[in-house]
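Worksheet for the structure shown next.
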Amino acid sequence: MGVALTQVGTVGTGKDEEVHYVCQRCANCCKWPGDVCLEEDDILRIAAFLQMDVLQFTAEYTRLRENRVGLSLIDQANNECIMLEDGKSCRIQPVKPKQCAGFPNSWNFPGWRDECEAVPVPLHRGGERGGT
């Protein structure tokens, strides 16, 4: 059973204010069940970062997605992402998949705000993030 995903652009707060969420690397999204969808360029980038050839990487770290269209990272026995180390840091942070990099601003799932520690930063002047 998959997780329903919500496509979002800029996230509205309901107070006539749009925000951009800044990741705090809490790793809670890495513990949520479901597919971590990989695109071809994700696979090439991650394999190179891990100093593996593509076939070795796909054999060791991927599986067929639940919808049987494309590949996903496999899960650890506790359902955390295979790339999550010690339950708190991403082994492939500098080259993480686009899906991971886009969370929660490009997409999210029902109840994500209860799990995620990302900090909302108001957008000002045509979509620019506030602050310094």
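Labels for the structure tokens follow display order: chains A, B, ..., residues from 1 in each chain, ligands from 1.
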
Selection near A:Met83, 12 Å with only C-alpha atoms, sequence-local residues under 6 positions removed, as number ranges by chain: A: 27, 30-31, 36, 46, 50, 60-62, 72-76, 89-93, 95-97, 100

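Residue nearest A:Arg45 within the list A:Lys98, A:Asn79, A:Arg63, A:Val19: A:Lys98 [criterion: smallest interatomic distance, only C-alpha atoms].
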
Which distance in Å separates atom CA of A:Phe109 and atom CA of A:Tyr21, to one decimal? 14.4 Å

What is the atom CA of A:His20-atom CA of A:Gln99 distance in Å, reported with one decimal? 16.2 Å
